[in-house]
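Q: I'm passing along upload_32.cif; it holds mmCIF, C-alpha atoms.
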data_coords
#
loop_
_atom_site.group_PDB
_atom_site.id
_atom_site.type_symbol
_atom_site.label_atom_id
_atom_site.label_comp_id
_atom_site.auth_asym_id
_atom_site.auth_seq_id
_atom_site.Cartn_x
_atom_site.Cartn_y
_atom_site.Cartn_z
ATOM 1 C CA MET A 641 192.169 132.635 -57.545
ATOM 2 C CA PRO A 642 191.127 129.420 -59.328
ATOM 3 C CA ILE A 643 193.786 128.028 -61.630
ATOM 4 C CA PRO A 644 192.891 128.257 -65.338
ATOM 5 C CA GLY A 645 192.260 125.310 -67.629
ATOM 6 C CA THR A 646 192.569 121.703 -66.557
ATOM 7 C CA PRO A 647 195.087 121.142 -63.763
ATOM 8 C CA SER A 648 197.482 118.243 -63.469
ATOM 9 C CA ARG A 649 196.942 115.933 -60.522
ATOM 10 C CA ALA A 650 199.688 117.661 -58.539
ATOM 11 C CA GLU A 651 198.283 121.110 -59.347
ATOM 12 C CA LEU A 652 194.815 119.999 -58.284
ATOM 13 C CA VAL A 653 196.077 118.579 -54.978
ATOM 14 C CA ASP A 654 197.793 121.896 -54.273
ATOM 15 C CA HIS A 655 194.647 123.829 -55.198
ATOM 16 C CA LEU A 656 192.436 121.669 -52.964
ATOM 17 C CA VAL A 657 194.703 122.358 -50.002
ATOM 18 C CA ARG A 658 195.035 126.099 -50.688
ATOM 19 C CA THR A 659 191.261 126.571 -50.966
ATOM 20 C CA ARG A 660 190.566 124.202 -48.044
ATOM 21 C CA ILE A 661 188.388 121.912 -50.142
ATOM 22 C CA ALA A 662 190.698 119.292 -48.665
ATOM 23 C CA GLY A 663 193.677 119.337 -46.305
ATOM 24 C CA ASP A 664 192.994 121.361 -43.144
ATOM 25 C CA VAL A 665 189.261 121.879 -43.646
ATOM 26 C CA ALA A 666 186.867 124.194 -41.804
ATOM 27 C CA THR A 667 184.831 121.415 -40.173
ATOM 28 C CA PRO A 668 186.248 120.946 -36.651
ATOM 29 C CA ARG A 669 187.038 117.578 -35.112
ATOM 30 C CA GLU A 670 184.318 117.862 -32.474
ATOM 31 C CA ASN A 671 181.658 118.352 -35.156
ATOM 32 C CA ASN A 672 182.881 115.303 -37.067
ATOM 33 C CA LEU A 673 182.807 113.094 -33.979
ATOM 34 C CA SER A 674 179.387 114.401 -32.954
ATOM 35 C CA HIS A 675 177.929 113.377 -36.313
ATOM 36 C CA TYR A 676 179.606 109.957 -36.201
ATOM 37 C CA ARG A 677 178.116 109.387 -32.738
ATOM 38 C CA LYS A 678 174.634 110.499 -33.768
ATOM 39 C CA LEU A 679 174.684 108.204 -36.806
ATOM 40 C CA ALA A 680 175.816 105.284 -34.641
ATOM 41 C CA ASN A 681 173.049 106.079 -32.137
ATOM 42 C CA GLY A 682 170.435 105.729 -34.871
ATOM 43 C CA ASP A 683 169.618 109.380 -35.618
ATOM 44 C CA ARG A 684 168.177 109.016 -39.110
ATOM 45 C CA HIS A 685 168.903 112.649 -39.973
ATOM 46 C CA TYR A 686 172.502 111.512 -40.365
ATOM 47 C CA TRP A 687 171.684 108.399 -42.403
ATOM 48 C CA LEU A 688 171.236 110.485 -45.586
ATOM 49 C CA GLY A 689 168.437 108.434 -47.126
ATOM 50 C CA LEU A 690 170.107 105.104 -46.375
ATOM 51 C CA GLU A 691 168.931 102.149 -44.296
ATOM 52 C CA LEU A 692 171.922 101.331 -42.108
ATOM 53 C CA GLY A 693 170.121 99.012 -39.708
ATOM 54 C CA ASP A 694 172.298 97.926 -36.781
ATOM 55 C CA ARG A 695 175.464 97.598 -38.836
ATOM 56 C CA TRP A 696 177.161 100.806 -37.662
ATOM 57 C CA ARG A 697 176.272 101.037 -33.967
ATOM 58 C CA ASP A 698 179.884 101.495 -32.861
ATOM 59 C CA GLU A 699 181.112 105.023 -33.528
ATOM 60 C CA GLN A 700 184.705 103.736 -33.526
ATOM 61 C CA ASP A 701 183.836 101.609 -36.571
ATOM 62 C CA VAL A 702 182.470 104.732 -38.247
ATOM 63 C CA LEU A 703 185.662 106.638 -37.404
ATOM 64 C CA ALA A 704 187.785 103.838 -38.870
ATOM 65 C CA VAL A 705 185.947 104.044 -42.207
ATOM 66 C CA MET A 706 186.238 107.827 -42.245
ATOM 67 C CA ALA A 707 189.961 107.663 -41.556
ATOM 68 C CA GLU A 708 190.400 105.179 -44.406
ATOM 69 C CA ARG A 709 188.203 106.854 -47.008
ATOM 70 C CA VAL A 710 188.403 110.538 -46.058
ATOM 71 C CA GLY A 711 191.651 110.946 -44.169
ATOM 72 C CA VAL A 712 190.354 112.272 -40.865
ATOM 73 C CA ASN A 713 192.539 111.674 -37.814
ATOM 74 C CA ASP A 714 192.206 108.017 -36.820
ATOM 75 C CA ASP A 715 192.948 108.546 -33.110
ATOM 76 C CA PRO A 716 189.712 108.089 -31.094
ATOM 77 C CA GLU A 717 191.278 110.083 -28.241
ATOM 78 C CA TYR A 718 191.708 113.147 -30.471
ATOM 79 C CA ARG A 719 188.461 114.931 -29.593
ATOM 80 C CA TYR A 720 188.914 118.638 -30.377
ATOM 81 C CA GLY A 721 190.717 120.844 -32.867
ATOM 82 C CA GLN A 722 191.680 120.675 -36.527
ATOM 83 C CA ASP A 723 190.582 117.735 -38.662
ATOM 84 C CA THR A 724 191.577 116.882 -42.198
ATOM 85 C CA ILE A 725 190.552 115.489 -45.562
ATOM 86 C CA ASP A 726 193.380 113.816 -47.474
ATOM 87 C CA PRO A 727 193.554 115.574 -50.875
ATOM 88 C CA GLU A 728 195.066 112.466 -52.455
ATOM 89 C CA LEU A 729 191.949 110.516 -51.453
ATOM 90 C CA THR A 730 189.820 113.293 -52.941
ATOM 91 C CA VAL A 731 191.573 113.003 -56.293
ATOM 92 C CA ASP A 732 191.532 109.188 -56.178
ATOM 93 C CA ALA A 733 187.768 109.328 -55.767
ATOM 94 C CA LEU A 734 187.403 111.900 -58.551
ATOM 95 C CA GLU A 735 189.211 109.483 -60.861
ATOM 96 C CA ARG A 736 186.874 106.635 -59.848
ATOM 97 C CA MET A 737 183.882 108.896 -60.458
ATOM 98 C CA ALA A 738 185.320 109.859 -63.842
ATOM 99 C CA ALA A 739 185.428 106.184 -64.823
ATOM 100 C CA ARG A 740 181.706 105.854 -64.049
ATOM 101 C CA LEU A 741 180.916 109.035 -65.986
ATOM 102 C CA ARG A 742 182.902 107.683 -68.928
ATOM 103 C CA LYS A 743 180.805 104.509 -68.851
ATOM 104 C CA ALA A 744 177.637 106.610 -68.837
ATOM 105 C CA ALA A 745 178.829 108.625 -71.816
ATOM 106 C CA GLU A 746 179.883 105.558 -73.794
ATOM 107 C CA GLY A 747 176.500 103.927 -73.183
ATOM 108 C CA GLN A 748 174.571 107.198 -73.611
ATOM 109 C CA GLN A 749 172.850 106.398 -70.350
ATOM 110 C CA ARG A 750 170.105 108.277 -68.532
ATOM 111 C CA VAL A 751 171.588 110.396 -65.736
ATOM 112 C CA LEU A 752 169.914 112.327 -62.935
ATOM 113 C CA PHE A 753 171.707 115.142 -61.118
ATOM 114 C CA ALA A 754 170.695 116.473 -57.718
ATOM 115 C CA THR A 755 172.127 118.453 -54.829
ATOM 116 C CA GLY A 756 171.244 119.080 -51.217
ATOM 117 C CA HIS A 757 174.054 121.625 -51.040
ATOM 118 C CA PRO A 758 173.208 124.120 -53.812
ATOM 119 C CA GLY A 759 175.273 126.932 -52.290
ATOM 120 C CA GLY A 760 178.449 124.962 -52.901
ATOM 121 C CA LEU A 761 177.923 122.222 -55.441
ATOM 122 C CA LEU A 762 175.152 123.305 -57.814
ATOM 123 C CA ASP A 763 177.537 124.441 -60.543
ATOM 124 C CA VAL A 764 179.704 121.319 -60.211
ATOM 125 C CA HIS A 765 176.636 119.238 -61.035
ATOM 126 C CA ARG A 766 175.432 121.656 -63.736
ATOM 127 C CA ALA A 767 178.742 121.540 -65.591
ATOM 128 C CA THR A 768 178.897 117.751 -65.358
ATOM 129 C CA ALA A 769 175.331 117.453 -66.654
ATOM 130 C CA ALA A 770 176.123 119.731 -69.592
ATOM 131 C CA ALA A 771 179.179 117.644 -70.496
ATOM 132 C CA LEU A 772 177.221 114.369 -70.385
ATOM 133 C CA ARG A 773 174.372 115.873 -72.408
ATOM 134 C CA ALA A 774 176.891 116.947 -75.056
ATOM 135 C CA ALA A 775 178.227 113.376 -75.082
ATOM 136 C CA GLY A 776 174.774 112.026 -75.900
ATOM 137 C CA CYS A 777 173.448 111.101 -72.467
ATOM 138 C CA GLY A 778 169.837 111.752 -71.591
ATOM 139 C CA ILE A 779 169.494 113.986 -68.541
ATOM 140 C CA THR A 780 166.465 112.792 -66.587
ATOM 141 C CA VAL A 781 163.735 115.417 -66.321
ATOM 142 C CA ILE A 782 161.917 115.104 -63.012
ATOM 143 C CA PRO A 783 158.102 115.112 -62.878
ATOM 144 C CA GLU A 784 156.487 118.412 -61.967
ATOM 145 C CA GLY A 785 154.551 119.168 -58.811
ATOM 146 C CA LEU A 786 156.672 117.131 -56.399
ATOM 147 C CA GLN A 787 156.712 118.131 -52.751
ATOM 148 C CA THR A 788 158.116 116.922 -49.429
ATOM 149 C CA GLU A 789 157.579 118.170 -45.888
ATOM 150 C CA GLU A 790 160.562 120.496 -46.382
ATOM 151 C CA GLY A 791 159.480 122.087 -49.632
ATOM 152 C CA TYR A 792 159.110 121.651 -53.384
ATOM 153 C CA VAL A 793 161.324 119.525 -55.599
ATOM 154 C CA TRP A 794 162.457 121.551 -58.576
ATOM 155 C CA GLN A 795 164.961 121.154 -61.379
ATOM 156 C CA LEU A 796 167.302 124.023 -62.127
ATOM 157 C CA ALA A 797 169.991 123.910 -64.837
ATOM 158 C CA ASP A 798 169.449 120.123 -65.133
ATOM 159 C CA VAL A 799 169.978 119.668 -61.372
ATOM 160 C CA ALA A 800 167.201 118.621 -58.976
ATOM 161 C CA VAL A 801 167.044 120.797 -55.859
ATOM 162 C CA LEU A 802 164.731 121.491 -52.936
ATOM 163 C CA GLU A 803 162.992 124.872 -52.955
ATOM 164 C CA HIS A 804 161.520 126.473 -49.847
ATOM 165 C CA GLY A 805 160.299 130.027 -49.434
ATOM 166 C CA ALA A 806 161.569 131.084 -52.867
ATOM 167 C CA SER A 807 165.077 129.904 -51.920
ATOM 168 C CA LEU A 808 167.125 126.838 -52.783
ATOM 169 C CA TRP A 809 167.291 124.726 -49.656
ATOM 170 C CA HIS A 810 170.151 122.913 -47.956
ATOM 171 C CA THR A 811 168.878 119.439 -47.068
ATOM 172 C CA HIS A 812 170.298 116.151 -45.836
ATOM 173 C CA SER A 813 167.009 114.338 -46.425
ATOM 174 C CA GLY A 814 166.512 111.456 -48.825
ATOM 175 C CA GLU A 815 162.815 112.314 -49.212
ATOM 176 C CA PRO A 816 163.256 114.546 -52.295
ATOM 177 C CA MET A 817 164.983 111.729 -54.180
ATOM 178 C CA LYS A 818 162.371 109.254 -52.967
ATOM 179 C CA ALA A 819 159.677 111.563 -54.354
ATOM 180 C CA VAL A 820 161.434 111.739 -57.726
ATOM 181 C CA LEU A 821 161.981 107.987 -58.076
ATOM 182 C CA THR A 822 158.443 107.201 -56.944
ATOM 183 C CA ALA A 823 156.954 109.711 -59.375
ATOM 184 C CA LEU A 824 159.004 108.353 -62.271
ATOM 185 C CA GLY A 825 157.781 104.835 -61.501
ATOM 186 C CA ASN A 826 154.153 105.932 -61.157
ATOM 187 C CA ALA A 827 154.387 107.669 -64.528
ATOM 188 C CA GLY A 828 155.764 104.527 -66.182
ATOM 189 C CA ARG A 829 159.013 106.283 -66.944
ATOM 190 C CA PRO A 830 162.391 104.551 -66.625
ATOM 191 C CA LEU A 831 164.582 105.262 -63.655
ATOM 192 C CA PRO A 832 167.976 106.816 -64.346
ATOM 193 C CA ASP A 833 170.909 104.536 -65.021
ATOM 194 C CA LEU A 834 173.071 106.786 -62.872
ATOM 195 C CA VAL A 835 172.534 109.413 -60.196
ATOM 196 C CA VAL A 836 175.219 112.039 -59.570
ATOM 197 C CA ALA A 837 174.404 113.817 -56.331
ATOM 198 C CA ASP A 838 175.252 114.419 -52.674
ATOM 199 C CA HIS A 839 173.645 114.170 -49.231
ATOM 200 C CA GLY A 840 170.352 112.264 -49.043
ATOM 201 C CA TRP A 841 169.789 112.514 -52.781
ATOM 202 C CA ALA A 842 172.773 110.208 -53.379
ATOM 203 C CA GLY A 843 172.061 107.944 -50.418
ATOM 204 C CA CYS A 844 168.408 107.376 -51.278
ATOM 205 C CA ALA A 845 169.221 106.609 -54.918
ATOM 206 C CA GLY A 846 171.779 104.010 -53.901
ATOM 207 C CA GLN A 847 169.366 102.528 -51.374
ATOM 208 C CA HIS A 848 166.823 102.110 -54.175
ATOM 209 C CA GLY A 849 169.314 100.167 -56.276
ATOM 210 C CA VAL A 850 170.210 102.950 -58.715
ATOM 211 C CA ASP A 851 173.914 103.434 -59.465
ATOM 212 C CA SER A 852 174.885 106.447 -57.390
ATOM 213 C CA VAL A 853 178.040 108.550 -57.139
ATOM 214 C CA GLY A 854 178.529 111.771 -55.271
ATOM 215 C CA TYR A 855 180.269 114.090 -52.878
ATOM 216 C CA ALA A 856 180.358 114.229 -49.073
ATOM 217 C CA ASP A 857 182.011 116.208 -46.307
ATOM 218 C CA SER A 858 184.004 114.816 -43.404
ATOM 219 C CA ASN A 859 181.005 115.246 -41.092
ATOM 220 C CA ASP A 860 178.641 113.265 -43.363
ATOM 221 C CA PRO A 861 179.768 109.675 -42.778
ATOM 222 C CA ALA A 862 176.715 107.825 -44.093
ATOM 223 C CA LEU A 863 177.680 107.968 -47.766
ATOM 224 C CA PHE A 864 181.172 106.676 -47.030
ATOM 225 C CA LEU A 865 179.701 103.762 -45.076
ATOM 226 C CA ALA A 866 177.443 103.084 -48.065
ATOM 227 C CA GLU A 867 180.465 103.156 -50.368
ATOM 228 C CA ALA A 868 182.230 100.671 -48.088
ATOM 229 C CA GLU A 869 179.177 98.402 -48.313
ATOM 230 C CA GLY A 870 178.750 98.866 -52.073
ATOM 231 C CA THR A 871 175.383 100.649 -51.883
ATOM 232 C CA VAL A 872 176.901 103.821 -53.363
ATOM 233 C CA GLN A 873 179.584 103.372 -56.020
ATOM 234 C CA VAL A 874 181.846 106.385 -55.434
ATOM 235 C CA VAL A 875 181.959 109.144 -52.820
ATOM 236 C CA VAL A 876 184.378 112.055 -53.202
ATOM 237 C CA PRO A 877 185.533 113.496 -49.861
ATOM 238 C CA LEU A 878 185.614 117.295 -49.776
ATOM 239 C CA ASP A 879 184.450 120.346 -47.891
ATOM 240 C CA ASP A 880 181.104 120.852 -49.610
ATOM 241 C CA HIS A 881 180.753 124.590 -48.942
ATOM 242 C CA VAL A 882 183.950 126.614 -49.132
ATOM 243 C CA VAL A 883 184.252 130.396 -49.386
ATOM 244 C CA SER A 884 183.580 130.557 -53.142
ATOM 245 C CA PRO A 885 181.877 128.006 -55.399
ATOM 246 C CA ARG A 886 184.398 129.016 -58.084
ATOM 247 C CA HIS A 887 187.047 127.174 -56.072
ATOM 248 C CA TYR A 888 185.483 123.923 -57.304
ATOM 249 C CA ASP A 889 186.034 124.802 -60.979
ATOM 250 C CA PRO A 890 189.501 123.195 -61.296
ATOM 251 C CA MET A 891 188.179 120.047 -59.611
ATOM 252 C CA THR A 892 185.291 119.891 -62.076
ATOM 253 C CA ALA A 893 187.658 120.462 -64.995
ATOM 254 C CA TYR A 894 189.894 117.604 -63.803
ATOM 255 C CA LEU A 895 186.892 115.290 -63.357
ATOM 256 C CA LEU A 896 185.552 115.967 -66.850
ATOM 257 C CA ALA A 897 188.978 115.621 -68.456
ATOM 258 C CA GLU A 898 189.548 112.273 -66.709
ATOM 259 C CA ALA A 899 186.133 111.144 -67.961
ATOM 260 C CA GLY A 900 187.010 112.126 -71.540
ATOM 261 C CA LEU A 901 184.289 114.771 -71.548
ATOM 262 C CA ARG A 902 186.422 117.824 -72.390
#
Could the structure of this file be written out as structure tokens, please?

A:
Amino acid sequence: MPIPGTPSRAELVDHLVRTRIAGDVATPRENNLSHYRKLANGDRHYWLGLELGDRWRDEQDVLAVMAERVGVNDDPEYRYGQDTIDPELTVDALERMAARLRKAAEGQQRVLFATGHPGGLLDVHRATAAALRAAGCGITVIPEGLQTEEGYVWQLADVAVLEHGASLWHTHSGEPMKAVLTALGNAGRPLPDLVVADHGWAGCAGQHGVDSVGYADSNDPALFLAEAEGTVQVVVPLDDHVVSPRHYDPMTAYLLAEAGLR
């Protein structure tokens, strides 16, 4: 069961491992390496709204970044079996994200929240949006009527999502965020000062020059490459869809406490 209240760092690390948000995660090694290879081979599905050019054509370079920033096994000969996310790196990144949220709160900045993984992370974003709204931030309201080839771009509980067939849709695409930013510009409305997101929502925002922080799994290397290059400010490594979304509650509580928002 989730631990009550706001955990200490040590309690959170233990919780992340027990719930497999970090530590020995569900994503197998072969899936991780397959995604690293596809990104390096130029498959834009794995670029998550970013423009990586020819900078990451060697999958061993991608693996090296993922070992450093996520904690996956750094041995290129390890091809199958269990892979890992270092929970200490997860908490380090949460603390860096908290610093950016604190800056947003102190400046009462405009913040846009979005998720391509609503089954796991919607409530993490919702709770963070509520805390920033209470601190005086403006939560960006997206224009109505937006659509991509995958579906409609909606906003639910202050979080932008993709809707398809009356269901919230899992997407890696950056097109929904591109639609939002383009529509805001066409309407003469200011872009957000900060985007808090994941998947292509976070990557596309960073690519467009908007401060972007977010979450990514061990098989989604693009955002970590963008963090290494400075295109995205902070990326928190975690399993982005564990058994229960309630398992993320202690992590969210720690993030908000570190940001001075609870």

Q: By how many Å are atom CA of Val705 of chain A and atom CA of Asp664 of chain A apart?

A: 18.7 Å

Q: What would the selection look like, as a ChimeraX atom specification, if the PyMOL selection byres ((chain A and resi 680-690) around 9) were run on the coordinates I just shared?

A: /A:675-679,691-699,702,812-815,817-818,839-848,860-863,866,871

Q: Report as a list of chain:residue names all protein, DNA and RNA residues lying within 8 Å of Ile725 of chain A, evaluated on all atoms listed in the file, omitting residues in the same chain fewer than 4 positions from it.

A: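 Once the adjacent positions are removed, what remains is A:Ala662, A:Gly663, A:Asp664, A:Val665, A:Val710, A:Gly711, A:Val712, A:Leu729, A:Thr730, A:Ser858, A:Pro877, A:Leu878.
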
Q: So which residues get picked by the PyMOL selection byres ((chain A and resi 889) around 10) here, written as a list in words?

A: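 So the PyMOL selection byres ((chain A and resi 889) around 10) ends up selecting Pro642, Ile643, Pro644, Gly645, Thr646, Asp763, Val764, Ala767, Pro885, Arg886, His887, Tyr888, Pro890, Met891, Thr892, Ala893, Tyr894 and Leu895 of chain A.
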
Q: Which residue, A:Arg750, A:Arg902, A:His757, A:His655, has the smallest gap to His881 of chain A when you use all atoms listed in the file?

A: A:His757

Q: In Å, with one decimal, what is the gap from atom CA of Leu901 of chain A to atom CA of Val793 of chain A?

A: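 According to the coordinates, atom CA of Leu901 of chain A and atom CA of Val793 of chain A are separated by 28.4 Å.
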
Q: I'd like the interatomic distance between atom CA of Ala800 of chain A and atom CA of Arg742 of chain A, to a tenth of an Å.

A: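 These atoms are spaced 21.6 Å apart.
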
Q: So what does the PyMOL selection byres ((chain A and resi 754) around 6) actually pick up in this one, as an MDAnalysis selection string?

A: chainID A and resid 753 755 799:801 837

Q: For segment 774-780 of chain A, I'd like the enclosing box, axis-aligned and padded by 8 Å on every side, reported as AutoDock Vina command-line options with centre and edge lengths in Å to one decimal.

A:
--center_x 172.3 --center_y 114.0 --center_z -71.2 --size_x 27.8 --size_y 21.8 --size_z 25.3

Q: Counting all atoms listed in the file, give me one row per residue of segment 728-766 of chain A with an atom at most 12 Å from an atom of segment 851-856 of chain A, showing the shortest contact pair and its distance in Å to one decimal, sorted by chain then residue number, as a tab-separated table.

A:
residue	atom	partner	partner_atom	distance
A:Thr730	CA	A:Tyr855	CA	9.6
A:Val731	CA	A:Tyr855	CA	11.9
A:Ala733	CA	A:Tyr855	CA	9.3
A:Leu734	CA	A:Tyr855	CA	9.4
A:Glu735	CA	A:Val853	CA	11.8
A:Arg736	CA	A:Val853	CA	9.4
A:Met737	CA	A:Val853	CA	6.7
A:Ala738	CA	A:Val853	CA	10.0
A:Ala739	CA	A:Val853	CA	10.9
A:Arg740	CA	A:Val853	CA	8.3
A:Leu741	CA	A:Val853	CA	9.3
A:Lys743	CA	A:Asp851	CA	11.7
A:Ala744	CA	A:Asp851	CA	10.6
A:Gln749	CA	A:Asp851	CA	11.3
A:Arg750	CA	A:Asp851	CA	11.0
A:Val751	CA	A:Asp851	CA	9.7
A:Leu752	CA	A:Ser852	CA	9.5
A:Phe753	CA	A:Gly854	CA	9.6
A:Ala754	CA	A:Gly854	CA	9.5
A:Thr755	CA	A:Gly854	CA	9.3
A:Gly756	CA	A:Tyr855	CA	10.4
A:His757	CA	A:Ala856	CA	9.9
A:Gly760	CA	A:Tyr855	CA	11.0
A:Leu761	CA	A:Tyr855	CA	8.8
A:Leu762	CA	A:Tyr855	CA	11.6
A:Val764	CA	A:Tyr855	CA	10.3
A:His765	CA	A:Gly854	CA	9.6

Q: Could you please fill out segment 803-812 of chain A with all heavy atoms and send it back as a PDB file, in the frame of the given file?

A:
ATOM      1  N   GLU A 803     163.312 123.447 -53.041  1.00  0.00           N
ATOM      2  CA  GLU A 803     162.992 124.872 -52.955  1.00  0.00           C
ATOM      3  C   GLU A 803     162.056 125.092 -51.775  1.00  0.00           C
ATOM      4  O   GLU A 803     161.107 124.341 -51.556  1.00  0.00           O
ATOM      5  CB  GLU A 803     162.331 125.337 -54.253  1.00  0.00           C
ATOM      6  CG  GLU A 803     162.038 126.828 -54.310  1.00  0.00           C
ATOM      7  CD  GLU A 803     160.694 127.227 -53.706  1.00  0.00           C
ATOM      8  OE1 GLU A 803     159.832 126.338 -53.533  1.00  0.00           O
ATOM      9  OE2 GLU A 803     160.512 128.424 -53.412  1.00  0.00           O
ATOM     10  N   HIS A 804     162.350 126.137 -51.010  1.00  0.00           N
ATOM     11  CA  HIS A 804     161.520 126.473 -49.847  1.00  0.00           C
ATOM     12  C   HIS A 804     161.536 127.976 -49.657  1.00  0.00           C
ATOM     13  O   HIS A 804     162.611 128.582 -49.541  1.00  0.00           O
ATOM     14  CB  HIS A 804     162.070 125.777 -48.596  1.00  0.00           C
ATOM     15  CG  HIS A 804     161.277 126.053 -47.350  1.00  0.00           C
ATOM     16  ND1 HIS A 804     160.216 125.276 -46.963  1.00  0.00           N
ATOM     17  CD2 HIS A 804     161.407 127.023 -46.405  1.00  0.00           C
ATOM     18  CE1 HIS A 804     159.721 125.744 -45.824  1.00  0.00           C
ATOM     19  NE2 HIS A 804     160.422 126.802 -45.475  1.00  0.00           N
ATOM     20  N   GLY A 805     160.369 128.588 -49.653  1.00  0.00           N
ATOM     21  CA  GLY A 805     160.299 130.027 -49.434  1.00  0.00           C
ATOM     22  C   GLY A 805     161.032 130.828 -50.481  1.00  0.00           C
ATOM     23  O   GLY A 805     161.690 131.821 -50.154  1.00  0.00           O
ATOM     24  N   ALA A 806     160.922 130.406 -51.731  1.00  0.00           N
ATOM     25  CA  ALA A 806     161.569 131.084 -52.867  1.00  0.00           C
ATOM     26  C   ALA A 806     163.092 131.030 -52.791  1.00  0.00           C
ATOM     27  O   ALA A 806     163.779 131.836 -53.418  1.00  0.00           O
ATOM     28  CB  ALA A 806     161.099 132.536 -52.990  1.00  0.00           C
ATOM     29  N   SER A 807     163.627 130.074 -52.024  1.00  0.00           N
ATOM     30  CA  SER A 807     165.077 129.904 -51.920  1.00  0.00           C
ATOM     31  C   SER A 807     165.438 128.442 -52.142  1.00  0.00           C
ATOM     32  O   SER A 807     164.653 127.537 -51.818  1.00  0.00           O
ATOM     33  CB  SER A 807     165.569 130.324 -50.528  1.00  0.00           C
ATOM     34  OG  SER A 807     165.315 131.691 -50.278  1.00  0.00           O
ATOM     35  N   LEU A 808     166.621 128.197 -52.690  1.00  0.00           N
ATOM     36  CA  LEU A 808     167.125 126.838 -52.783  1.00  0.00           C
ATOM     37  C   LEU A 808     167.538 126.393 -51.390  1.00  0.00           C
ATOM     38  O   LEU A 808     168.168 127.154 -50.647  1.00  0.00           O
ATOM     39  CB  LEU A 808     168.301 126.775 -53.755  1.00  0.00           C
ATOM     40  CG  LEU A 808     168.011 127.239 -55.184  1.00  0.00           C
ATOM     41  CD1 LEU A 808     169.207 126.964 -56.078  1.00  0.00           C
ATOM     42  CD2 LEU A 808     166.762 126.566 -55.749  1.00  0.00           C
ATOM     43  N   TRP A 809     167.235 125.167 -51.046  1.00  0.00           N
ATOM     44  CA  TRP A 809     167.291 124.726 -49.656  1.00  0.00           C
ATOM     45  C   TRP A 809     168.385 123.692 -49.445  1.00  0.00           C
ATOM     46  O   TRP A 809     168.520 122.735 -50.204  1.00  0.00           O
ATOM     47  CB  TRP A 809     165.937 124.116 -49.293  1.00  0.00           C
ATOM     48  CG  TRP A 809     165.584 124.139 -47.839  1.00  0.00           C
ATOM     49  CD1 TRP A 809     165.450 123.061 -47.015  1.00  0.00           C
ATOM     50  CD2 TRP A 809     165.291 125.279 -47.033  1.00  0.00           C
ATOM     51  NE1 TRP A 809     165.091 123.455 -45.745  1.00  0.00           N
ATOM     52  CE2 TRP A 809     164.998 124.815 -45.725  1.00  0.00           C
ATOM     53  CE3 TRP A 809     165.274 126.650 -47.280  1.00  0.00           C
ATOM     54  CZ2 TRP A 809     164.672 125.680 -44.679  1.00  0.00           C
ATOM     55  CZ3 TRP A 809     164.942 127.502 -46.244  1.00  0.00           C
ATOM     56  CH2 TRP A 809     164.645 127.021 -44.963  1.00  0.00           C
ATOM     57  N   HIS A 810     169.159 123.900 -48.385  1.00  0.00           N
ATOM     58  CA  HIS A 810     170.151 122.913 -47.956  1.00  0.00           C
ATOM     59  C   HIS A 810     169.410 121.785 -47.236  1.00  0.00           C
ATOM     60  O   HIS A 810     168.686 122.026 -46.271  1.00  0.00           O
ATOM     61  CB  HIS A 810     171.138 123.598 -47.016  1.00  0.00           C
ATOM     62  CG  HIS A 810     172.114 122.672 -46.371  1.00  0.00           C
ATOM     63  ND1 HIS A 810     172.449 122.758 -45.040  1.00  0.00           N
ATOM     64  CD2 HIS A 810     172.834 121.636 -46.860  1.00  0.00           C
ATOM     65  CE1 HIS A 810     173.332 121.836 -44.723  1.00  0.00           C
ATOM     66  NE2 HIS A 810     173.581 121.130 -45.820  1.00  0.00           N
ATOM     67  N   THR A 811     169.572 120.553 -47.694  1.00  0.00           N
ATOM     68  CA  THR A 811     168.878 119.439 -47.068  1.00  0.00           C
ATOM     69  C   THR A 811     169.751 118.196 -47.031  1.00  0.00           C
ATOM     70  O   THR A 811     170.501 117.929 -47.972  1.00  0.00           O
ATOM     71  CB  THR A 811     167.554 119.115 -47.784  1.00  0.00           C
ATOM     72  OG1 THR A 811     166.927 118.012 -47.125  1.00  0.00           O
ATOM     73  CG2 THR A 811     167.771 118.769 -49.248  1.00  0.00           C
ATOM     74  N   HIS A 812     169.655 117.452 -45.945  1.00  0.00           N
ATOM     75  CA  HIS A 812     170.298 116.151 -45.836  1.00  0.00           C
ATOM     76  C   HIS A 812     169.334 115.025 -46.165  1.00  0.00           C
ATOM     77  O   HIS A 812     169.732 113.871 -46.258  1.00  0.00           O
ATOM     78  CB  HIS A 812     170.826 115.946 -44.407  1.00  0.00           C
ATOM     79  CG  HIS A 812     172.070 116.697 -44.105  1.00  0.00           C
ATOM     80  ND1 HIS A 812     173.055 116.213 -43.272  1.00  0.00           N
ATOM     81  CD2 HIS A 812     172.508 117.904 -44.521  1.00  0.00           C
ATOM     82  CE1 HIS A 812     174.041 117.087 -43.189  1.00  0.00           C
ATOM     83  NE2 HIS A 812     173.720 118.124 -43.936  1.00  0.00           N
TER      84      HIS A 812
END
